[in-house]
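Q: Mind having a look at this structure? Questions to follow.
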Amino acid sequence: TINNLANLTVIDSSDEKTGLLNGLKTDAITNKAVVKADGVHIKSLYAPISGYTNTGSIDVVDCTLEGKYGVYEAVNQKITIDSSTLIATSRSVYSNVVGADVTISNTEMTSSDIGIELTNYGSSLEITDSTLNSTNVGIYTANQSYRDNISIKNSKITSTNSHALYAYYSTSTDSDKIVVNIEDSELTSNNNTIYLIGTKLTTSNTKIITNIGNRDYYGLQCREYTVCTLNNNSEIIAPKASGIYQYSSTVTLNDSKINANASNAYGVNIYHYSTLNINGESEINTDGTNSYGVFANYYEATINMNGGVINSGSVGALLGTWSTNYNYTKTLNLNGGSIYGAIYGVQQTNGASTTNVGNKEKTISIYSPY
């Protein structure tokens, strides 16, 4: 182990880049000041580079980091990783510090467990032009992770067995929520691909894909105290599952799509005291013969449709009730757009439900093929 107390620079200046720094027992480099690694293969049983003081930084360029962890942060140090490869049996990057600052660009990460884990509050994670492949959760921020800020741009995050992104802090205070911005990226899993509590999510031109074959799994779970806004051709793709699950949350679709194609899929399942806004040229498509474009069958729900299209192989929008003893209010404000259902466009089975069609400034039409 190299125990760095000053400014350490490790460089492989050869064209072949065959140099290897091998930490045979624990960390290869323990950083207590400033460390720069350039063009080096660093391998360790634990962590190629670990940060252990509140002052200093870790700067990795054109390196291969291989170990249980790629970079392990025990105290706050600025971490910058560029044009590198991280191979981890546990986490590619792990941080348990307040105010972690991690920037990753042009980097390939492979983890046999969780990809990147942030376990404390006020952390910043920026991923650009990179790929992350994990067996467990791709990006995990939970426990005390309020006020975290996560930015993903032009990147691919893939989880084999769990969520591509899991962000959880149970708070209704807006300033304490986790903030996630995703642009021009693709997140894929065989589970609920994105799972959020106490989070503000904004996407642009992003694909959220779940490949699991079960209608009770979703591309996006937007749960307690969460606000999800999908913009600019963002798309949820669920060939054998469902689109979005809402529980005490707000979802807004702006020129975005949901394609949920299980035979009994939900495009959007509004379970508990939630609001869904559909705007612009948005689409919700569920072509299954027992599917629902929007399924509001449990607690209170408000659906504001101001544009776009809902297409369903069964029911476009259901305003229902799961028990005659619980007639919770469901409201559909159909101010624009179109709803198509092979059986029903809009189906109301709840006496406490209301559908308001149109307003004084728009022409409306209702058509039945039967």
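Ordering of the structure tokens sets the chain letters (A, B, ...), residue numbers begin anew at 1 in every chain, and ligands are numbered from 1 in the order given.
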If we count only C-alpha atoms and set the cut-off at 6 Å, which residues sit around Asp82 of chain A, ignoring sequence neighbours fewer than 3 positions away in its own chain? Please answer as a VMD selection string.

A: chain A and resid 61 104 to 107

Q: So which residues touch segment 331-345 of chain A within 7 Å, counting only C-alpha atoms, skipping near sequence neighbours fewer than 6 positions away, as a ChimeraX atom specification?

A: /A:301-317,353-359

Q: Extract, using only C-alpha atoms, all DNA, RNA and protein residues at most 6 Å from segment 92-100 of chain A, discarding same-chain residues fewer than 5 positions from it, and format them as a PyMOL selection string.

A: chain A and resi 69-73+75-76+86+111+115-124

Q: Based on DSSP run over this structure's backbone, return all residues of segment 94-288 of chain A in strand (DSSP E), as a PyMOL selection string.

A: chain A and resi 94-95+101-105+108-111+116-118+124-128+131-134+139-141+149-153+156-159+165-168+178-183+186-189+194-197+199-204+207-210+218-222+226-231+235-238+242-247+249-254+257-260+266-272+274-279+283-286

Q: Extract, using only C-alpha atoms, all DNA, RNA and protein residues at most 10 Å from segment 291-297 of chain A, discarding same-chain residues fewer than 6 positions from it, and format them as a PyMOL selection string.

A: chain A and resi 215+242-246+258-274+276+283-285+303+309-323+327-332+339-342+344-350

Q: Any idea what the distance is between atom CA of Thr30 of chain A and atom CA of Ser50 of chain A?

A: 5.0 Å

Q: One number please: atom CA of Thr158 of chain A to atom CA of Leu201 of chain A, in Å, one decimal.

A: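 Computing the Euclidean distance for atom CA of Thr158 of chain A and atom CA of Leu201 of chain A yields 18.1 Å.
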
Q: Write out as a list of chain:residue names each polymer residue whose atoms come within 9 Å of Ser159 of chain A, counting only C-alpha atoms; drop sequence neighbours fewer than 6 positions from it.

A: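 The filter keeps A:Ile114, A:Gly115, A:Leu132, A:Asn133, A:Ser134, A:Thr135, A:Asn136, A:Val137, A:Gly138, A:Leu165, A:Leu187, A:Thr188, A:Ser189, A:Asn190, A:Asn191, A:Thr193.
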
Q: Kindly export the residues of the current selection with all heavy atoms, as an mmCIF file, in the first residue's frame.

A:
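The resulting result.cif:
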```cif
data_model
loop_
_atom_site.group_PDB
_atom_site.id
_atom_site.type_symbol
_atom_site.label_atom_id
_atom_site.label_comp_id
_atom_site.auth_asym_id
_atom_site.auth_seq_id
_atom_site.Cartn_x
_atom_site.Cartn_y
_atom_site.Cartn_z
ATOM 1 N N ILE A 114 -23.526 -3.513 -6.501
ATOM 2 C CA ILE A 114 -24.042 -2.180 -6.801
ATOM 3 C C ILE A 114 -23.006 -1.403 -7.611
ATOM 4 O O ILE A 114 -21.805 -1.506 -7.362
ATOM 5 C CB ILE A 114 -24.385 -1.438 -5.493
ATOM 6 C CG1 ILE A 114 -25.564 -2.128 -4.798
ATOM 7 C CG2 ILE A 114 -24.707 0.032 -5.750
ATOM 8 C CD1 ILE A 114 -25.870 -1.588 -3.425
ATOM 9 N N GLY A 115 -23.475 -0.601 -8.562
ATOM 10 C CA GLY A 115 -22.548 0.162 -9.389
ATOM 11 C C GLY A 115 -21.922 1.328 -8.642
ATOM 12 O O GLY A 115 -20.719 1.356 -8.383
ATOM 13 N N LEU A 132 -22.419 2.112 -17.321
ATOM 14 C CA LEU A 132 -22.363 1.420 -16.040
ATOM 15 C C LEU A 132 -23.191 0.154 -16.150
ATOM 16 O O LEU A 132 -24.390 0.204 -16.446
ATOM 17 C CB LEU A 132 -22.904 2.312 -14.923
ATOM 18 C CG LEU A 132 -23.146 1.663 -13.555
ATOM 19 C CD1 LEU A 132 -21.863 1.066 -12.999
ATOM 20 C CD2 LEU A 132 -23.734 2.665 -12.575
ATOM 21 N N ASN A 133 -22.545 -1.001 -15.929
ATOM 22 C CA ASN A 133 -23.226 -2.290 -15.932
ATOM 23 C C ASN A 133 -23.069 -2.926 -14.559
ATOM 24 O O ASN A 133 -21.941 -3.142 -14.098
ATOM 25 C CB ASN A 133 -22.636 -3.212 -16.998
ATOM 26 C CG ASN A 133 -22.897 -2.702 -18.403
ATOM 27 O OD1 ASN A 133 -24.021 -2.743 -18.890
ATOM 28 N ND2 ASN A 133 -21.858 -2.193 -19.062
ATOM 29 N N SER A 134 -24.198 -3.220 -13.915
ATOM 30 C CA SER A 134 -24.139 -3.788 -12.573
ATOM 31 C C SER A 134 -25.068 -4.989 -12.477
ATOM 32 O O SER A 134 -26.052 -5.100 -13.222
ATOM 33 C CB SER A 134 -24.538 -2.750 -11.524
ATOM 34 O OG SER A 134 -25.915 -2.416 -11.661
ATOM 35 N N THR A 135 -24.759 -5.877 -11.550
ATOM 36 C CA THR A 135 -25.647 -6.999 -11.269
ATOM 37 C C THR A 135 -26.779 -6.562 -10.351
ATOM 38 O O THR A 135 -27.938 -6.913 -10.568
ATOM 39 C CB THR A 135 -24.857 -8.147 -10.618
ATOM 40 O OG1 THR A 135 -23.821 -8.562 -11.508
ATOM 41 C CG2 THR A 135 -25.754 -9.332 -10.325
ATOM 42 N N ASN A 136 -26.446 -5.774 -9.341
ATOM 43 C CA ASN A 136 -27.441 -5.239 -8.413
ATOM 44 C C ASN A 136 -27.836 -3.838 -8.889
ATOM 45 O O ASN A 136 -27.787 -3.551 -10.069
ATOM 46 C CB ASN A 136 -26.851 -5.229 -7.004
ATOM 47 C CG ASN A 136 -27.902 -5.242 -5.910
ATOM 48 O OD1 ASN A 136 -28.986 -4.704 -6.073
ATOM 49 N ND2 ASN A 136 -27.576 -5.864 -4.790
ATOM 50 N N VAL A 137 -28.219 -2.950 -7.982
ATOM 51 C CA VAL A 137 -28.657 -1.604 -8.357
ATOM 52 C C VAL A 137 -27.543 -0.862 -9.092
ATOM 53 O O VAL A 137 -26.376 -0.922 -8.695
ATOM 54 C CB VAL A 137 -29.075 -0.803 -7.106
ATOM 55 C CG1 VAL A 137 -29.552 0.594 -7.493
ATOM 56 C CG2 VAL A 137 -30.165 -1.538 -6.347
ATOM 57 N N GLY A 138 -27.902 -0.144 -10.141
ATOM 58 C CA GLY A 138 -26.901 0.621 -10.883
ATOM 59 C C GLY A 138 -26.389 1.805 -10.076
ATOM 60 O O GLY A 138 -25.208 1.883 -9.730
ATOM 61 N N LEU A 165 -31.655 2.718 -11.269
ATOM 62 C CA LEU A 165 -31.503 3.872 -10.381
ATOM 63 C C LEU A 165 -32.474 3.739 -9.222
ATOM 64 O O LEU A 165 -33.680 3.536 -9.431
ATOM 65 C CB LEU A 165 -31.772 5.172 -11.142
ATOM 66 C CG LEU A 165 -31.901 6.455 -10.303
ATOM 67 C CD1 LEU A 165 -30.595 6.779 -9.588
ATOM 68 C CD2 LEU A 165 -32.340 7.629 -11.173
ATOM 69 N N LEU A 187 -31.594 3.960 -19.526
ATOM 70 C CA LEU A 187 -31.525 3.171 -18.300
ATOM 71 C C LEU A 187 -32.341 1.902 -18.505
ATOM 72 O O LEU A 187 -33.505 1.965 -18.919
ATOM 73 C CB LEU A 187 -32.055 3.961 -17.110
ATOM 74 C CG LEU A 187 -31.154 5.085 -16.591
ATOM 75 C CD1 LEU A 187 -31.282 6.335 -17.442
ATOM 76 C CD2 LEU A 187 -31.466 5.425 -15.134
ATOM 77 N N THR A 188 -31.725 0.740 -18.193
ATOM 78 C CA THR A 188 -32.334 -0.548 -18.501
ATOM 79 C C THR A 188 -32.199 -1.475 -17.301
ATOM 80 O O THR A 188 -31.171 -1.486 -16.621
ATOM 81 C CB THR A 188 -31.656 -1.196 -19.723
ATOM 82 O OG1 THR A 188 -31.705 -0.291 -20.827
ATOM 83 C CG2 THR A 188 -32.340 -2.488 -20.109
ATOM 84 N N SER A 189 -33.243 -2.285 -17.068
ATOM 85 C CA SER A 189 -33.156 -3.291 -16.011
ATOM 86 C C SER A 189 -34.107 -4.436 -16.311
ATOM 87 O O SER A 189 -34.925 -4.374 -17.231
ATOM 88 C CB SER A 189 -33.506 -2.686 -14.645
ATOM 89 O OG SER A 189 -34.910 -2.651 -14.464
ATOM 90 N N ASN A 190 -34.013 -5.486 -15.490
ATOM 91 C CA ASN A 190 -34.982 -6.570 -15.474
ATOM 92 C C ASN A 190 -35.820 -6.494 -14.209
ATOM 93 O O ASN A 190 -36.201 -7.517 -13.636
ATOM 94 C CB ASN A 190 -34.257 -7.917 -15.554
ATOM 95 C CG ASN A 190 -33.554 -8.106 -16.878
ATOM 96 O OD1 ASN A 190 -34.174 -7.990 -17.927
ATOM 97 N ND2 ASN A 190 -32.258 -8.367 -16.831
ATOM 98 N N ASN A 191 -36.134 -5.266 -13.801
ATOM 99 C CA ASN A 191 -36.853 -5.018 -12.561
ATOM 100 C C ASN A 191 -37.639 -3.727 -12.754
ATOM 101 O O ASN A 191 -37.945 -3.360 -13.884
ATOM 102 C CB ASN A 191 -35.852 -4.910 -11.401
ATOM 103 C CG ASN A 191 -36.472 -5.182 -10.041
ATOM 104 O OD1 ASN A 191 -37.346 -4.458 -9.597
ATOM 105 N ND2 ASN A 191 -36.025 -6.251 -9.386
ATOM 106 N N THR A 193 -37.162 -0.268 -13.267
ATOM 107 C CA THR A 193 -35.895 0.322 -13.710
ATOM 108 C C THR A 193 -35.499 1.539 -12.887
ATOM 109 O O THR A 193 -34.348 1.669 -12.473
ATOM 110 C CB THR A 193 -35.983 0.666 -15.205
ATOM 111 O OG1 THR A 193 -36.195 -0.554 -15.926
ATOM 112 C CG2 THR A 193 -34.703 1.316 -15.701
#
```

Q: What lies within 8 Å of Val35 of chain A using only C-alpha atoms, ignoring chain neighbours under 4 positions off, as a list in words?

A: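 Final neighbour list, sorted by chain and number: Asn4, Asn7, Leu8, Thr9, Val10, Asn31, Gly56, Ser57, Ile58 and Asp59 of chain A.
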
Q: Could you write those residues out with all heavy atoms, as a PDB file, in the first residue's frame?

A:
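And here's result.pdb as it stands now:
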```
ATOM      1  N   ASN A   4      -0.309   8.012   0.842  1.00  0.00           N
ATOM      2  CA  ASN A   4       0.046   9.319   0.309  1.00  0.00           C
ATOM      3  C   ASN A   4      -0.310  10.427   1.292  1.00  0.00           C
ATOM      4  O   ASN A   4      -1.471  10.605   1.667  1.00  0.00           O
ATOM      5  CB  ASN A   4      -0.680   9.562  -1.023  1.00  0.00           C
ATOM      6  CG  ASN A   4      -0.374  10.938  -1.571  1.00  0.00           C
ATOM      7  OD1 ASN A   4       0.766  11.377  -1.570  1.00  0.00           O
ATOM      8  ND2 ASN A   4      -1.407  11.624  -2.043  1.00  0.00           N
ATOM      9  N   ASN A   7       1.529  15.243  -2.413  1.00  0.00           N
ATOM     10  CA  ASN A   7       1.008  15.217  -3.768  1.00  0.00           C
ATOM     11  C   ASN A   7       1.638  14.051  -4.515  1.00  0.00           C
ATOM     12  O   ASN A   7       2.833  14.041  -4.790  1.00  0.00           O
ATOM     13  CB  ASN A   7       1.318  16.525  -4.499  1.00  0.00           C
ATOM     14  CG  ASN A   7       0.594  17.706  -3.889  1.00  0.00           C
ATOM     15  OD1 ASN A   7      -0.514  17.555  -3.380  1.00  0.00           O
ATOM     16  ND2 ASN A   7       1.200  18.879  -3.936  1.00  0.00           N
ATOM     17  N   LEU A   8       0.821  13.070  -4.863  1.00  0.00           N
ATOM     18  CA  LEU A   8       1.309  11.875  -5.522  1.00  0.00           C
ATOM     19  C   LEU A   8       0.764  11.807  -6.939  1.00  0.00           C
ATOM     20  O   LEU A   8      -0.443  11.901  -7.159  1.00  0.00           O
ATOM     21  CB  LEU A   8       0.877  10.619  -4.748  1.00  0.00           C
ATOM     22  CG  LEU A   8       1.168   9.271  -5.416  1.00  0.00           C
ATOM     23  CD1 LEU A   8       2.674   9.025  -5.503  1.00  0.00           C
ATOM     24  CD2 LEU A   8       0.473   8.146  -4.660  1.00  0.00           C
ATOM     25  N   THR A   9       1.658  11.618  -7.899  1.00  0.00           N
ATOM     26  CA  THR A   9       1.270  11.411  -9.290  1.00  0.00           C
ATOM     27  C   THR A   9       1.838  10.077  -9.757  1.00  0.00           C
ATOM     28  O   THR A   9       3.040   9.826  -9.631  1.00  0.00           O
ATOM     29  CB  THR A   9       1.788  12.538 -10.202  1.00  0.00           C
ATOM     30  OG1 THR A   9       1.245  13.784  -9.748  1.00  0.00           O
ATOM     31  CG2 THR A   9       1.365  12.304 -11.648  1.00  0.00           C
ATOM     32  N   VAL A  10       0.960   9.213 -10.275  1.00  0.00           N
ATOM     33  CA  VAL A  10       1.370   7.902 -10.779  1.00  0.00           C
ATOM     34  C   VAL A  10       1.060   7.880 -12.270  1.00  0.00           C
ATOM     35  O   VAL A  10      -0.101   8.004 -12.673  1.00  0.00           O
ATOM     36  CB  VAL A  10       0.639   6.760 -10.062  1.00  0.00           C
ATOM     37  CG1 VAL A  10       1.127   5.416 -10.574  1.00  0.00           C
ATOM     38  CG2 VAL A  10       0.834   6.870  -8.553  1.00  0.00           C
ATOM     39  N   ASN A  31      -5.148   7.679   0.073  1.00  0.00           N
ATOM     40  CA  ASN A  31      -4.888   9.090  -0.183  1.00  0.00           C
ATOM     41  C   ASN A  31      -5.288   9.956   1.003  1.00  0.00           C
ATOM     42  O   ASN A  31      -6.427   9.924   1.466  1.00  0.00           O
ATOM     43  CB  ASN A  31      -5.663   9.549  -1.425  1.00  0.00           C
ATOM     44  CG  ASN A  31      -5.327  10.994  -1.777  1.00  0.00           C
ATOM     45  OD1 ASN A  31      -4.167  11.378  -1.770  1.00  0.00           O
ATOM     46  ND2 ASN A  31      -6.350  11.772  -2.073  1.00  0.00           N
ATOM     47  N   GLY A  56      -8.011  17.114   0.178  1.00  0.00           N
ATOM     48  CA  GLY A  56      -7.370  16.363  -0.884  1.00  0.00           C
ATOM     49  C   GLY A  56      -8.329  16.071  -2.014  1.00  0.00           C
ATOM     50  O   GLY A  56      -9.507  16.436  -1.987  1.00  0.00           O
ATOM     51  N   SER A  57      -7.805  15.387  -3.026  1.00  0.00           N
ATOM     52  CA  SER A  57      -8.605  15.055  -4.191  1.00  0.00           C
ATOM     53  C   SER A  57      -8.049  13.806  -4.847  1.00  0.00           C
ATOM     54  O   SER A  57      -6.893  13.430  -4.651  1.00  0.00           O
ATOM     55  CB  SER A  57      -8.597  16.220  -5.191  1.00  0.00           C
ATOM     56  OG  SER A  57      -7.271  16.477  -5.637  1.00  0.00           O
ATOM     57  N   ILE A  58      -8.909  13.165  -5.631  1.00  0.00           N
ATOM     58  CA  ILE A  58      -8.529  11.978  -6.392  1.00  0.00           C
ATOM     59  C   ILE A  58      -8.860  12.258  -7.853  1.00  0.00           C
ATOM     60  O   ILE A  58     -10.013  12.526  -8.195  1.00  0.00           O
ATOM     61  CB  ILE A  58      -9.289  10.731  -5.888  1.00  0.00           C
ATOM     62  CG1 ILE A  58      -8.891  10.422  -4.438  1.00  0.00           C
ATOM     63  CG2 ILE A  58      -9.014   9.534  -6.788  1.00  0.00           C
ATOM     64  CD1 ILE A  58      -9.739   9.356  -3.785  1.00  0.00           C
ATOM     65  N   ASP A  59      -7.840  12.200  -8.694  1.00  0.00           N
ATOM     66  CA  ASP A  59      -7.991  12.526 -10.110  1.00  0.00           C
ATOM     67  C   ASP A  59      -7.476  11.346 -10.931  1.00  0.00           C
ATOM     68  O   ASP A  59      -6.284  11.034 -10.903  1.00  0.00           O
ATOM     69  CB  ASP A  59      -7.212  13.801 -10.430  1.00  0.00           C
ATOM     70  CG  ASP A  59      -7.528  14.355 -11.803  1.00  0.00           C
ATOM     71  OD1 ASP A  59      -8.299  13.715 -12.545  1.00  0.00           O
ATOM     72  OD2 ASP A  59      -6.998  15.425 -12.153  1.00  0.00           O
TER      73      ASP A  59
END
```

Q: Tell me, as a ChimeraX atom specification, which residues lie within 6 Å of segment 226-235 of chain A, counting only C-alpha atoms; anything in the same chain fewer than 2 positions away does not count.

A: /A:197-207,222-224,249-258
